[in-house]
Amino acid sequence: MTSNSFKPVAEQLAYLKKGAAEIIPEPELRASLEKSLKSGTPLRVYLGVDPTAPDLHLGHTVVLRKLKHFQDMGHTAVFLIGDFSAMIGDPTGVSETRPPLTREQVDANAKTYLAQVFKILDPAKTEVRYNSEWLSKLSAEAIVRLCSHYRLARMLEREDFRKRLDEGQPISVHELLYPLLTAYDAVSLKSDVELGATEQKFNLLVHREIQREYGLPGQAILTMPILVGLDGQRKMSKSLGNYIGITEPPADMFGKIMSIPDDLMWTYYELVTDRTPQQITGLKQEVSSGSLHPMDAKMRLAEEIVSGFHGPDPARKAAENFQRVFRDREIPDEMEEFTVTCTRVPEGWHVTWVDLSVVVWSEKSATHPKAIKWTRALAGIKQVVSVAEAERIVKQKGFEVNGQLVIDPSAKLDLTVPAAYKIRVGKKKFLRIVVE
RNA sequence: GGACGGGUGGGUGAGUGGCUAAAACCAGCAGACUGUAAAUCUGCCGCUCCUUGCGGGCUACGAAGGUUCGAAUCCUUCCCCGUCCA
């Protein structure tokens with residue numbers, strides 16, 4: 001990489017600042033960019049992620065996209081998998097000690113992470129590291145030395161700890177180690193910039209400080225806002241159930257984006273699309289002047305996001321499907337299909353439910369089962385969490401078979417005649433059931 | 001090590017012997033209204049079985065035992081958390 005392949009600093013900075021919550025300290029980042037431009041050396045920019053759950057959601061992509069932006073500007077993107085630190089657990093924003101993950105869980109999660117991360121980052125240009133590389137080799141002596149660089153009072157200043165202390169929640173000593181060990185990542189990587197969500201600010205600042213204690217210049221920090229989830233209130237997270245998984249099918253993804261509150265769509269435009277701030281302002285004006293319907297603005301957003309993960313054609317199809325099902329109140333043209341078969345076995349009969357050639361449920365009975373209650377069937381194939389839940393939905397007029405409302409909770413599915421049924425369960429769940 | 005306080009359903013949190021599958025609120029679900037948005041209104045909201053009924057059974061208030069016709073509530077032991085003292 002030569003110096004002329006870098007864009008002017010002002011231009012880089014403008015690009016990198018889009019959507020950013022905070023840059024600490026901005027003059028330092030500017031200085032680093034200038035130095036890198038002059039020397040032709042790319043900056044080392046890293047993002048550390050703990051593989052605590054196997055699935056990434058849209059919230060994770062906000063900061064990943066920022067890492068990509070640095071990559072776009074010709075800098076070195078380091079994606080750090082916190083396989084070691086995940087076993088401690090980040091205390092940030094957590095109101096209780098979480099159970100440490102096992103090595104196996106961490107490894108499995110780390111594997112699926114990368115595949116997902118490369119939907120955003122360019123694999124050819126990304127340096128992937130694991131912090132067990134250096135952390136698992138630290139001696140007790142090295143850990144003691146590391147700890148000596150930070151003060152307890154400063155550690156307890158952070159809001160999460162303070163709050164837990166005040167509320168009488170337990171804090172385990174190993175949790176104090178989290179920011180220090182991850183600081184050692186920054187030391188080992190000799191990073192110039194570290195990215196993170198705003199809630200990581202405390203950790204990132206500790207990293208910067210410890211780097212200096214180890215005689216390094218001290219990285220700049222760029223934080224990104226936390227993406228608010230589908231409820232429009234709380235941060236997007238899997239445990240709150242208000243998330244959009246990046247591996248979700250196009251139709252689901254589309255539907256979920258449409259369900260966010262209108263106001264939130266501007267944030268989404270800013271944080272999870274490539275629209276420039278000018279374009280976003282333009283759209284906003286169109287909506288407020290009435291020339292663009294908010295729903296259409298949201299549909300564009302949904303299509304853009306889905307397209308980013310699945311490509312333009314599936315995105316278009318998802319948009320069409322959405323229109324059809326929800327605007328025109330029709331049945332979607334594609335839905336999950338379950339096939340039921342009754343087979344003779346020595347002990348009697350077997351009823352088997354198959355979805356995409358995977359057996360999802362099977363049951364034995366002594367005599368030929370003539371019929372099965374819809375409620376049991378729905379629970380059996382996991383379309384509702386329990387029979388009781390299915391019963392509730394039926395009683396509350398949320399269940400349709402072939403467009404006909406079924407309100408009798410004891411209504412049955414006939415297993416003696418081959419047939420296909422189009423089923424609606426609740427507001428957004430459609431499926432086909434084929435009896436063979 | 002000592003003294004005191006605490007552990008209730010997905011969350012917050014009431015409940016100190018039966019009327020309690022457990023108040024209230026939040027979250028969630030269904031329906032109405034809509035733009036599958038928000039807001040609002042109505043209903044539901046442990047599991048399971050059937051003949052779907054103010055029906056039957058089972059499970060549940062940190063754990064295990066016990067007292068009682070009957071326990072989230074009383075007793076015993078244990079586990080866990082916090083505060084103060086050392």
# chains A, B, ... in the order shown; residues from 1 in each chain; ligands from 1
>>> interface_residues(of="chain A", to="chain B", cutoff="7 Å", atoms="only C-alpha atoms (C1' of nucleotides)", output="JSON, numbers by chain")
{"A": [168, 170, 259, 260, 261, 262, 295, 326, 392, 393, 396, 397, 398, 409, 410, 426]}
>>> atom_distance(atom1="atom CA of Arg208 of chain A", atom2="atom CA of Ala183 of chain A")
7.4 Å
>>> select_by_dssp(residues="segment 147-314 of chain A", states="strand (DSSP E)", output="number ranges by chain")
A: 193-197, 220-224
>>> write_last_selection(atoms="N, CA and C atoms", output="PDB file, in the first residue's frame")
ATOM      1  N   VAL A 193      -6.616   2.099  16.566  1.00  0.00           N
ATOM      2  CA  VAL A 193      -8.007   2.490  16.785  1.00  0.00           C
ATOM      3  C   VAL A 193      -8.767   1.258  17.250  1.00  0.00           C
ATOM      4  N   GLU A 194      -9.642   1.458  18.211  1.00  0.00           N
ATOM      5  CA  GLU A 194     -10.536   0.364  18.574  1.00  0.00           C
ATOM      6  C   GLU A 194     -11.971   0.824  18.444  1.00  0.00           C
ATOM      7  N   LEU A 195     -12.795  -0.068  17.914  1.00  0.00           N
ATOM      8  CA  LEU A 195     -14.205   0.244  17.744  1.00  0.00           C
ATOM      9  C   LEU A 195     -15.038  -0.507  18.770  1.00  0.00           C
ATOM     10  N   GLY A 196     -16.189   0.046  19.048  1.00  0.00           N
ATOM     11  CA  GLY A 196     -17.098  -0.645  19.958  1.00  0.00           C
ATOM     12  C   GLY A 196     -18.403   0.106  20.036  1.00  0.00           C
ATOM     13  N   ALA A 197     -19.378  -0.521  20.685  1.00  0.00           N
ATOM     14  CA  ALA A 197     -20.643   0.160  20.910  1.00  0.00           C
ATOM     15  C   ALA A 197     -20.454   1.129  22.073  1.00  0.00           C
ATOM     16  N   ALA A 220      -6.895   5.374  19.573  1.00  0.00           N
ATOM     17  CA  ALA A 220      -8.079   6.232  19.545  1.00  0.00           C
ATOM     18  C   ALA A 220      -9.296   5.300  19.650  1.00  0.00           C
ATOM     19  N   ILE A 221     -10.393   5.889  20.082  1.00  0.00           N
ATOM     20  CA  ILE A 221     -11.578   5.071  20.293  1.00  0.00           C
ATOM     21  C   ILE A 221     -12.737   5.631  19.487  1.00  0.00           C
ATOM     22  N   LEU A 222     -13.418   4.751  18.788  1.00  0.00           N
ATOM     23  CA  LEU A 222     -14.597   5.218  18.065  1.00  0.00           C
ATOM     24  C   LEU A 222     -15.777   4.360  18.502  1.00  0.00           C
ATOM     25  N   THR A 223     -16.768   5.010  19.065  1.00  0.00           N
ATOM     26  CA  THR A 223     -17.927   4.231  19.504  1.00  0.00           C
ATOM     27  C   THR A 223     -19.118   4.475  18.594  1.00  0.00           C
ATOM     28  N   MET A 224     -19.934   3.439  18.486  1.00  0.00           N
ATOM     29  CA  MET A 224     -21.139   3.507  17.666  1.00  0.00           C
ATOM     30  C   MET A 224     -22.355   3.393  18.576  1.00  0.00           C
TER      31      MET A 224
END
>>> closest_residue(among="A:Leu181, A:Asp231, A:Lys238, A:Val128", to="Pro54 of chain A", atoms="only C-alpha atoms")
A:Lys238
